[in-house]
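Asker: Provided herewith: input.cif, mmCIF, C-alpha atoms and all ligand atoms; chains and numbers go by the auth columns.
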data_input
#
loop_
_atom_site.group_PDB
_atom_site.id
_atom_site.type_symbol
_atom_site.label_atom_id
_atom_site.label_comp_id
_atom_site.label_asym_id
_atom_site.label_seq_id
_atom_site.Cartn_x
_atom_site.Cartn_y
_atom_site.Cartn_z
_atom_site.B_iso_or_equiv
_atom_site.auth_seq_id
_atom_site.auth_asym_id
ATOM 1 C CA MET A 1 31.001 34.260 10.865 0.00 1 A
ATOM 2 C CA GLN A 2 31.557 30.794 9.439 0.00 2 A
ATOM 3 C CA ILE A 3 29.719 30.271 6.158 0.00 3 A
ATOM 4 C CA LEU A 4 27.736 27.034 6.174 0.00 4 A
ATOM 5 C CA GLN A 5 28.052 25.074 2.934 0.00 5 A
ATOM 6 C CA ILE A 6 24.739 23.460 2.055 0.00 6 A
ATOM 7 C CA ALA A 7 24.445 20.688 -0.533 0.00 7 A
ATOM 8 C CA VAL A 8 21.034 20.785 -2.206 0.00 8 A
ATOM 9 C CA VAL A 9 19.618 17.542 -3.609 0.00 9 A
ATOM 10 C CA VAL A 10 16.682 17.847 -6.011 0.00 10 A
ATOM 11 C CA GLY A 11 14.867 14.564 -6.572 0.00 11 A
ATOM 12 C CA SER A 12 13.617 15.365 -10.074 0.00 12 A
ATOM 13 C CA LEU A 13 15.424 15.465 -13.421 0.00 13 A
ATOM 14 C CA ARG A 14 12.474 17.093 -15.196 0.00 14 A
ATOM 15 C CA ARG A 15 13.392 20.267 -17.086 0.00 15 A
ATOM 16 C CA GLU A 16 10.524 22.335 -15.674 0.00 16 A
ATOM 17 C CA SER A 17 10.626 20.615 -12.286 0.00 17 A
ATOM 18 C CA PHE A 18 8.581 22.355 -9.584 0.00 18 A
ATOM 19 C CA ASN A 19 11.025 20.958 -7.043 0.00 19 A
ATOM 20 C CA ARG A 20 14.028 22.489 -8.780 0.00 20 A
ATOM 21 C CA GLN A 21 12.146 25.805 -8.917 0.00 21 A
ATOM 22 C CA LEU A 22 11.384 25.443 -5.216 0.00 22 A
ATOM 23 C CA ALA A 23 15.041 24.675 -4.468 0.00 23 A
ATOM 24 C CA HIS A 24 16.171 27.817 -6.309 0.00 24 A
ATOM 25 C CA ALA A 25 13.518 29.879 -4.522 0.00 25 A
ATOM 26 C CA LEU A 26 14.670 28.514 -1.140 0.00 26 A
ATOM 27 C CA VAL A 27 18.265 29.397 -1.959 0.00 27 A
ATOM 28 C CA LYS A 28 17.121 32.978 -2.593 0.00 28 A
ATOM 29 C CA LEU A 29 15.449 33.015 0.838 0.00 29 A
ATOM 30 C CA GLY A 30 18.598 31.611 2.405 0.00 30 A
ATOM 31 C CA PRO A 31 20.394 33.587 5.101 0.00 31 A
ATOM 32 C CA ALA A 32 23.706 35.325 4.453 0.00 32 A
ATOM 33 C CA ASP A 33 25.692 32.732 6.394 0.00 33 A
ATOM 34 C CA MET A 34 24.718 29.897 4.042 0.00 34 A
ATOM 35 C CA ALA A 35 26.225 29.073 0.625 0.00 35 A
ATOM 36 C CA PHE A 36 24.287 26.585 -1.486 0.00 36 A
ATOM 37 C CA SER A 37 25.457 24.205 -4.193 0.00 37 A
ATOM 38 C CA MET A 38 23.282 21.852 -6.213 0.00 38 A
ATOM 39 C CA LEU A 39 24.354 18.214 -6.283 0.00 39 A
ATOM 40 C CA ALA A 40 24.420 16.788 -9.815 0.00 40 A
ATOM 41 C CA ILE A 41 22.636 13.444 -9.762 0.00 41 A
ATOM 42 C CA ASP A 42 21.631 13.205 -13.435 0.00 42 A
ATOM 43 C CA ALA A 43 24.965 11.792 -14.651 0.00 43 A
ATOM 44 C CA LEU A 44 25.210 9.077 -12.021 0.00 44 A
ATOM 45 C CA PRO A 45 25.174 5.507 -13.336 0.00 45 A
ATOM 46 C CA LEU A 46 22.718 3.068 -11.829 0.00 46 A
ATOM 47 C CA TYR A 47 24.236 1.909 -8.578 0.00 47 A
ATOM 48 C CA ASN A 48 26.013 -1.440 -8.916 0.00 48 A
ATOM 49 C CA GLN A 49 27.922 -2.854 -5.953 0.00 49 A
ATOM 50 C CA ASP A 50 30.476 -4.338 -8.363 0.00 50 A
ATOM 51 C CA ASP A 51 31.700 -0.781 -9.011 0.00 51 A
ATOM 52 C CA ASP A 52 32.423 0.037 -5.358 0.00 52 A
ATOM 53 C CA ALA A 53 36.157 -0.480 -5.822 0.00 53 A
ATOM 54 C CA ARG A 54 36.287 1.862 -8.841 0.00 54 A
ATOM 55 C CA PRO A 55 33.516 4.458 -8.570 0.00 55 A
ATOM 56 C CA ALA A 56 32.687 6.511 -11.673 0.00 56 A
ATOM 57 C CA GLU A 57 33.760 10.159 -11.835 0.00 57 A
ATOM 58 C CA PRO A 58 30.256 11.587 -11.096 0.00 58 A
ATOM 59 C CA VAL A 59 30.092 9.397 -7.989 0.00 59 A
ATOM 60 C CA LEU A 60 33.434 10.705 -6.712 0.00 60 A
ATOM 61 C CA ARG A 61 32.298 14.283 -7.410 0.00 61 A
ATOM 62 C CA LEU A 62 29.034 13.698 -5.561 0.00 62 A
ATOM 63 C CA LYS A 63 30.809 12.304 -2.505 0.00 63 A
ATOM 64 C CA ALA A 64 33.383 15.124 -2.481 0.00 64 A
ATOM 65 C CA GLN A 65 30.639 17.759 -2.637 0.00 65 A
ATOM 66 C CA ILE A 66 28.798 16.143 0.265 0.00 66 A
ATOM 67 C CA ALA A 67 32.005 15.864 2.278 0.00 67 A
ATOM 68 C CA ALA A 68 32.613 19.594 1.798 0.00 68 A
ATOM 69 C CA SER A 69 29.164 20.530 3.140 0.00 69 A
ATOM 70 C CA GLN A 70 27.933 21.203 6.666 0.00 70 A
ATOM 71 C CA GLY A 71 24.283 20.636 5.833 0.00 71 A
ATOM 72 C CA LEU A 72 21.936 19.006 3.342 0.00 72 A
ATOM 73 C CA LEU A 73 18.700 20.181 1.800 0.00 73 A
ATOM 74 C CA PHE A 74 16.519 17.562 0.094 0.00 74 A
ATOM 75 C CA VAL A 75 13.817 18.953 -2.207 0.00 75 A
ATOM 76 C CA THR A 76 11.912 16.093 -3.718 0.00 76 A
ATOM 77 C CA PRO A 77 8.755 15.099 -5.523 0.00 77 A
ATOM 78 C CA GLU A 78 6.712 12.062 -4.572 0.00 78 A
ATOM 79 C CA TYR A 79 6.618 9.191 -7.046 0.00 79 A
ATOM 80 C CA ASN A 80 4.028 6.523 -6.359 0.00 80 A
ATOM 81 C CA ARG A 81 3.926 7.430 -2.675 0.00 81 A
ATOM 82 C CA SER A 82 7.695 7.202 -2.246 0.00 82 A
ATOM 83 C CA ILE A 83 10.864 8.959 -3.365 0.00 83 A
ATOM 84 C CA PRO A 84 11.899 8.951 -7.049 0.00 84 A
ATOM 85 C CA GLY A 85 14.361 6.261 -8.123 0.00 85 A
ATOM 86 C CA VAL A 86 16.919 8.861 -9.207 0.00 86 A
ATOM 87 C CA LEU A 87 17.076 10.183 -5.664 0.00 87 A
ATOM 88 C CA LYS A 88 17.408 6.730 -4.123 0.00 88 A
ATOM 89 C CA ASN A 89 20.148 5.968 -6.634 0.00 89 A
ATOM 90 C CA ALA A 90 22.091 9.063 -5.526 0.00 90 A
ATOM 91 C CA ILE A 91 21.569 8.251 -1.853 0.00 91 A
ATOM 92 C CA ASP A 92 22.796 4.682 -2.380 0.00 92 A
ATOM 93 C CA HIS A 93 25.879 5.815 -4.311 0.00 93 A
ATOM 94 C CA ALA A 94 27.049 8.235 -1.635 0.00 94 A
ATOM 95 C CA SER A 95 26.355 5.723 1.145 0.00 95 A
ATOM 96 C CA ARG A 96 28.901 3.228 -0.174 0.00 96 A
ATOM 97 C CA PRO A 97 31.350 1.455 -0.044 0.00 97 A
ATOM 98 C CA TYR A 98 30.261 0.094 3.318 0.00 98 A
ATOM 99 C CA GLY A 99 31.833 2.174 6.076 0.00 99 A
ATOM 100 C CA GLN A 100 32.316 5.198 3.797 0.00 100 A
ATOM 101 C CA ASN A 101 28.895 6.768 4.032 0.00 101 A
ATOM 102 C CA ALA A 102 29.319 10.390 2.901 0.00 102 A
ATOM 103 C CA TRP A 103 25.929 11.471 4.308 0.00 103 A
ATOM 104 C CA ALA A 104 26.619 10.477 7.913 0.00 104 A
ATOM 105 C CA GLY A 105 26.206 13.204 10.498 0.00 105 A
ATOM 106 C CA LYS A 106 25.145 15.944 8.054 0.00 106 A
ATOM 107 C CA PRO A 107 21.986 17.703 9.265 0.00 107 A
ATOM 108 C CA ALA A 108 19.255 17.696 6.613 0.00 108 A
ATOM 109 C CA GLY A 109 16.121 19.596 5.782 0.00 109 A
ATOM 110 C CA VAL A 110 13.423 17.718 3.877 0.00 110 A
ATOM 111 C CA ILE A 111 10.845 19.519 1.765 0.00 111 A
ATOM 112 C CA GLY A 112 8.958 18.916 -1.456 0.00 112 A
ATOM 113 C CA VAL A 113 6.256 20.064 -3.797 0.00 113 A
ATOM 114 C CA SER A 114 3.767 17.944 -5.716 0.00 114 A
ATOM 115 C CA VAL A 115 0.588 18.294 -7.699 0.00 115 A
ATOM 116 C CA GLY A 116 -1.109 15.921 -5.261 0.00 116 A
ATOM 117 C CA ALA A 117 -3.162 17.318 -2.404 0.00 117 A
ATOM 118 C CA ILE A 118 -0.961 15.784 0.312 0.00 118 A
ATOM 119 C CA GLY A 119 2.141 17.291 -1.322 0.00 119 A
ATOM 120 C CA THR A 120 4.963 14.724 -0.906 0.00 120 A
ATOM 121 C CA SER A 121 4.185 13.758 2.709 0.00 121 A
ATOM 122 C CA LYS A 122 4.594 10.025 2.036 0.00 122 A
ATOM 123 C CA ALA A 123 7.793 10.504 0.048 0.00 123 A
ATOM 124 C CA GLN A 124 9.221 12.653 2.813 0.00 124 A
ATOM 125 C CA GLN A 125 8.388 10.019 5.422 0.00 125 A
ATOM 126 C CA HIS A 126 10.147 7.344 3.356 0.00 126 A
ATOM 127 C CA LEU A 127 13.118 9.666 2.893 0.00 127 A
ATOM 128 C CA ARG A 128 13.304 10.296 6.645 0.00 128 A
ATOM 129 C CA ASN A 129 13.424 6.531 7.246 0.00 129 A
ATOM 130 C CA ILE A 130 16.328 6.133 4.823 0.00 130 A
ATOM 131 C CA LEU A 131 18.187 9.114 6.266 0.00 131 A
ATOM 132 C CA ALA A 132 17.734 7.842 9.825 0.00 132 A
ATOM 133 C CA TYR A 133 19.503 4.628 8.843 0.00 133 A
ATOM 134 C CA LEU A 134 22.279 6.651 7.205 0.00 134 A
ATOM 135 C CA ASP A 135 22.856 8.597 10.448 0.00 135 A
ATOM 136 C CA VAL A 136 21.495 11.852 9.004 0.00 136 A
ATOM 137 C CA PRO A 137 19.519 13.923 11.531 0.00 137 A
ATOM 138 C CA THR A 138 16.506 15.616 9.927 0.00 138 A
ATOM 139 C CA LEU A 139 14.720 18.819 10.905 0.00 139 A
ATOM 140 C CA GLY A 140 11.406 17.640 12.364 0.00 140 A
ATOM 141 C CA GLN A 141 9.349 20.833 12.438 0.00 141 A
ATOM 142 C CA PRO A 142 7.903 22.632 10.709 0.00 142 A
ATOM 143 C CA GLU A 143 6.949 20.026 8.141 0.00 143 A
ATOM 144 C CA ALA A 144 6.642 21.439 4.630 0.00 144 A
ATOM 145 C CA PHE A 145 4.345 19.679 2.174 0.00 145 A
ATOM 146 C CA ILE A 146 3.937 22.134 -0.667 0.00 146 A
ATOM 147 C CA HIS A 147 0.999 21.833 -3.053 0.00 147 A
ATOM 148 C CA ALA A 148 1.758 22.993 -6.598 0.00 148 A
ATOM 149 C CA THR A 149 -1.202 25.291 -7.099 0.00 149 A
ATOM 150 C CA ALA A 150 -1.518 28.182 -9.541 0.00 150 A
ATOM 151 C CA GLY A 151 0.439 31.146 -8.229 0.00 151 A
ATOM 152 C CA LEU A 152 3.042 29.138 -6.321 0.00 152 A
ATOM 153 C CA PHE A 153 5.632 30.657 -8.660 0.00 153 A
ATOM 154 C CA ASP A 154 5.277 33.718 -10.849 0.00 154 A
ATOM 155 C CA SER A 155 6.370 33.796 -14.512 0.00 155 A
ATOM 156 C CA ALA A 156 9.969 34.586 -13.432 0.00 156 A
ATOM 157 C CA GLY A 157 10.070 31.549 -11.137 0.00 157 A
ATOM 158 C CA GLN A 158 9.823 33.665 -7.977 0.00 158 A
ATOM 159 C CA LEU A 159 7.647 32.468 -5.103 0.00 159 A
ATOM 160 C CA GLY A 160 4.190 33.964 -5.062 0.00 160 A
ATOM 161 C CA ASP A 161 2.797 35.585 -1.913 0.00 161 A
ATOM 162 C CA SER A 162 0.817 32.517 -0.850 0.00 162 A
ATOM 163 C CA GLN A 163 3.850 30.519 0.304 0.00 163 A
ATOM 164 C CA ARG A 164 6.679 33.035 0.621 0.00 164 A
ATOM 165 C CA LYS A 165 6.069 33.865 4.294 0.00 165 A
ATOM 166 C CA PHE A 166 5.826 30.225 5.335 0.00 166 A
ATOM 167 C CA LEU A 167 8.935 29.214 3.355 0.00 167 A
ATOM 168 C CA GLN A 168 10.937 32.150 4.732 0.00 168 A
ATOM 169 C CA ALA A 169 10.060 31.001 8.245 0.00 169 A
ATOM 170 C CA TRP A 170 10.976 27.442 7.282 0.00 170 A
ATOM 171 C CA MET A 171 14.382 28.552 5.964 0.00 171 A
ATOM 172 C CA ASN A 172 15.059 30.602 9.104 0.00 172 A
ATOM 173 C CA ARG A 173 14.308 27.595 11.283 0.00 173 A
ATOM 174 C CA TYR A 174 16.417 25.347 9.037 0.00 174 A
ATOM 175 C CA GLN A 175 19.367 27.753 9.271 0.00 175 A
ATOM 176 C CA ALA A 176 19.220 27.914 13.078 0.00 176 A
ATOM 177 C CA TRP A 177 18.968 24.144 13.309 0.00 177 A
ATOM 178 C CA VAL A 178 21.870 23.455 10.913 0.00 178 A
ATOM 179 C CA ARG A 179 24.034 25.965 12.775 0.00 179 A
ATOM 180 C CA GLN A 180 23.214 24.222 16.050 0.00 180 A
ATOM 181 C CA HIS A 181 24.306 20.871 14.566 0.00 181 A
ATOM 182 C CA ALA A 182 27.353 22.292 12.822 0.00 182 A
ATOM 183 C CA SER A 183 28.804 23.811 15.999 0.00 183 A
HETATM 184 C C1 LIG B . 6.079 8.274 -11.877 0.00 201 A
HETATM 185 C C2 LIG B . 5.288 9.347 -11.175 0.00 201 A
HETATM 186 C C3 LIG B . 4.636 9.060 -9.986 0.00 201 A
HETATM 187 C C4 LIG B . 3.947 10.064 -9.297 0.00 201 A
HETATM 188 N N1 LIG B . 3.397 9.780 -8.077 0.00 201 A
HETATM 189 C C5 LIG B . 2.906 10.799 -7.324 0.00 201 A
HETATM 190 C C6 LIG B . 2.526 10.568 -5.968 0.00 201 A
HETATM 191 O O1 LIG B . 2.624 9.472 -5.436 0.00 201 A
HETATM 192 N N2 LIG B . 2.058 11.627 -5.249 0.00 201 A
HETATM 193 C C7 LIG B . 1.953 12.899 -5.784 0.00 201 A
HETATM 194 O O2 LIG B . 1.557 13.814 -5.090 0.00 201 A
HETATM 195 N N3 LIG B . 2.294 13.128 -7.072 0.00 201 A
HETATM 196 C C8 LIG B . 2.779 12.120 -7.844 0.00 201 A
HETATM 197 N N4 LIG B . 3.186 12.357 -9.129 0.00 201 A
HETATM 198 C C9 LIG B . 2.981 13.694 -9.709 0.00 201 A
HETATM 199 C C10 LIG B . 4.103 14.642 -9.322 0.00 201 A
HETATM 200 O O3 LIG B . 3.731 15.325 -8.137 0.00 201 A
HETATM 201 C C11 LIG B . 4.327 15.668 -10.436 0.00 201 A
HETATM 202 O O4 LIG B . 4.676 15.003 -11.636 0.00 201 A
HETATM 203 C C12 LIG B . 5.386 16.692 -10.056 0.00 201 A
HETATM 204 O O5 LIG B . 5.371 17.714 -11.022 0.00 201 A
HETATM 205 C C13 LIG B . 6.777 16.029 -9.991 0.00 201 A
HETATM 206 O O6 LIG B . 7.735 16.935 -9.463 0.00 201 A
HETATM 207 P P1 LIG B . 8.669 17.825 -10.411 0.00 201 A
HETATM 208 O O7 LIG B . 7.778 18.892 -11.014 0.00 201 A
HETATM 209 O O8 LIG B . 9.658 18.431 -9.472 0.00 201 A
HETATM 210 O O9 LIG B . 9.283 16.942 -11.436 0.00 201 A
HETATM 211 C C14 LIG B . 3.860 11.360 -9.848 0.00 201 A
HETATM 212 C C15 LIG B . 4.497 11.633 -11.071 0.00 201 A
HETATM 213 C C16 LIG B . 5.196 10.651 -11.714 0.00 201 A
HETATM 214 C C17 LIG B . 5.911 10.990 -13.015 0.00 201 A
#
Output the file's structure in the form of structure tokens.
Ligand SMILES: Cc1cc2nc3c(=O)[nH]c(=O)nc-3n(C[C@H](O)[C@H](O)[C@H](O)COP(=O)(O)O)c2cc1C

Answerer:
Amino acid sequence: MQILQIAVVVGSLRRESFNRQLAHALVKLGPADMAFSMLAIDALPLYNQDDDARPAEPVLRLKAQIAASQGLLFVTPEYNRSIPGVLKNAIDHASRPYGQNAWAGKPAGVIGVSVGAIGTSKAQQHLRNILAYLDVPTLGQPEAFIHATAGLFDSAGQLGDSQRKFLQAWMNRYQAWVRQHAS
């Protein structure tokens, strides 16, 4: 059985990020034929087209990690009804130089958690627009807008009962869909 390498992109740099906790919880629910690695986006410089000819080391690392993956998993908060700037910065970096878009063709899952009642739905829609342009197919259903309510995670960072069943089903669907695209 071929192991599918999945690059996980968390759109928050916050130490206690709910989205990072969600990403780790999803990895634990991941099937045996998937291996997950977190993309490091915190050391990336601000994207500047002048640097395209000589990308910084963290940019090269980011692009190499994406190239080595068969699937992507975006776990992001919503900032002012869109995606956080740090995530857009990472997306822009790996999309360039023109013609060397590292994201292209990699199937992606999109999910996020927020304290707002509509749990990242607008951010996810913006992200899907960006990914469509970058030739990244995204899993359409089930959508997953997670509301950060008490009990989402227990004190050890494990998923509470309220969402575990839904997120397990989401991961199973994601796995089947990535495998379909990877074959
Ligand atoms: C700059 C900023 C903008 C935000 N805008 C939204 C928003 O549009 N919708 C929403 O549901 N939450 C919004 N929030 C609240 C986030 O959902 C909350 O801070 C969440 O914990 C961020 O995710 P994280 O825990 O993974 O860092 C915003 C937070 C910040 C700091």

Asker: Taking the file above as input, evaluate the PyMOL selection byres (((not hetatm)) within 7 of (chain A and resi 201)) and report the hits as an NGL selection string.

Answerer: :A and (12-14 or 16-20 or 76-82 or 113-120)

Asker: Exactly which residues make up the result of the PyMOL selection byres (((chain A and resi 69-72) around 8) and not hetatm) on this file, given as a VMD selection string?

Answerer: chain A and resid 4 to 9 65 to 68 73 to 74 106 to 109 178 182

Asker: Write the residues of the selection above to a file with C-alpha atoms, as a PDB file, keeping the file's coordinate frame.

Answerer:
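Below you can see again.pdb, which holds the result:
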ATOM      1  CA  LEU A   4      27.736  27.034   6.174  1.00  0.00           C
ATOM      2  CA  GLN A   5      28.052  25.074   2.934  1.00  0.00           C
ATOM      3  CA  ILE A   6      24.739  23.460   2.055  1.00  0.00           C
ATOM      4  CA  ALA A   7      24.445  20.688  -0.533  1.00  0.00           C
ATOM      5  CA  VAL A   8      21.034  20.785  -2.206  1.00  0.00           C
ATOM      6  CA  VAL A   9      19.618  17.542  -3.609  1.00  0.00           C
ATOM      7  CA  GLN A  65      30.639  17.759  -2.637  1.00  0.00           C
ATOM      8  CA  ILE A  66      28.798  16.143   0.265  1.00  0.00           C
ATOM      9  CA  ALA A  67      32.005  15.864   2.278  1.00  0.00           C
ATOM     10  CA  ALA A  68      32.613  19.594   1.798  1.00  0.00           C
ATOM     11  CA  LEU A  73      18.700  20.181   1.800  1.00  0.00           C
ATOM     12  CA  PHE A  74      16.519  17.562   0.094  1.00  0.00           C
ATOM     13  CA  LYS A 106      25.145  15.944   8.054  1.00  0.00           C
ATOM     14  CA  PRO A 107      21.986  17.703   9.265  1.00  0.00           C
ATOM     15  CA  ALA A 108      19.255  17.696   6.613  1.00  0.00           C
ATOM     16  CA  GLY A 109      16.121  19.596   5.782  1.00  0.00           C
ATOM     17  CA  VAL A 178      21.870  23.455  10.913  1.00  0.00           C
ATOM     18  CA  ALA A 182      27.353  22.292  12.822  1.00  0.00           C
TER      19      ALA A 182
END

Asker: To test your reading of the syntax: which residues would the PyMOL selection byres (((chain A and resi 166-174) around 10) and not hetatm) return for the file shown? Reply as an NGL selection string.

Answerer: :A and (22 or 25-31 or 71 or 73 or 107-111 or 138-144 or 146 or 159 or 161-165 or 175-180)

Asker: Could you please determine the separation between CA of Ile83 (chain A) and CA of Gly11 (chain A) in Å, to one decimal place?

Answerer: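 So the answer is 7.6 Å.
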
Asker: In Å, rounded to a single decimal, give me how far CA of Pro97 (chain A) is from CA of Lys122 (chain A).

Answerer: 28.2 Å

Asker: Provide the CA of Asp154 (chain A) to CA of Ala123 (chain A) distance in Å, to one decimal place.

Answerer: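 Interatomic distance, CA of Asp154 (chain A) to CA of Ala123 (chain A): 25.8 Å.
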
Asker: Each residue of region 66-126 of chain A lying at most 8 Å from region 39-47 of chain A should get a row with its shortest atom-to-atom pair and the distance in Å to one decimal, counting all atoms listed in the file; could you produce that, ordered by chain and increasing number, as CSV?

Answerer:
residue,atom,partner,partner_atom,distance
A:Val86,CA,A:Ile41,CA,7.3
A:Leu87,CA,A:Ile41,CA,7.6
A:Asn89,CA,A:Tyr47,CA,6.1
A:Ala90,CA,A:Ile41,CA,6.1
A:Asp92,CA,A:Tyr47,CA,6.9
A:His93,CA,A:Tyr47,CA,6.0

Asker: Kindly indicate which residue among A:Ala56, A:Ala102, A:Met38, A:Leu131 lies nearest to Val10 (chain A), using all atoms listed in the file for the distances.

Answerer: A:Met38

Asker: When you count only C-alpha atoms, which of these residues is closest to His24 (chain A): A:Val75, A:Ala104, A:Leu60, A:Ala148?

Answerer: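 Counting only C-alpha atoms, the residue closest to His24 (chain A) is A:Val75.
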
Asker: For Gly105 (chain A), which residue among A:Pro84, A:Leu134, A:Ser121, A:Glu57 is the nearest when counting all atoms listed in the file?

Answerer: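 Among the listed residues, A:Leu134 lies closest to Gly105 (chain A).
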
Asker: With distances taken over all atoms listed in the file, which residue among A:Met1, A:Leu152, A:Ala35, A:Leu62 lies nearest Asn101 (chain A)?

Answerer: A:Leu62

Asker: Go through A:Gln124, A:Gln100, A:Gln158, A:Thr149 and flag the residue nearest Ala23 (chain A), using all atoms listed in the file for the distances.

Answerer: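 For Ala23 (chain A), the nearest of the candidates is A:Gln158.
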
Asker: Name the closest residue to Ala94 (chain A) among the candidates A:Pro137, A:Ile130, A:Phe36, A:Val59; distances are taken between atoms, counting all atoms listed in the file.

Answerer: A:Val59
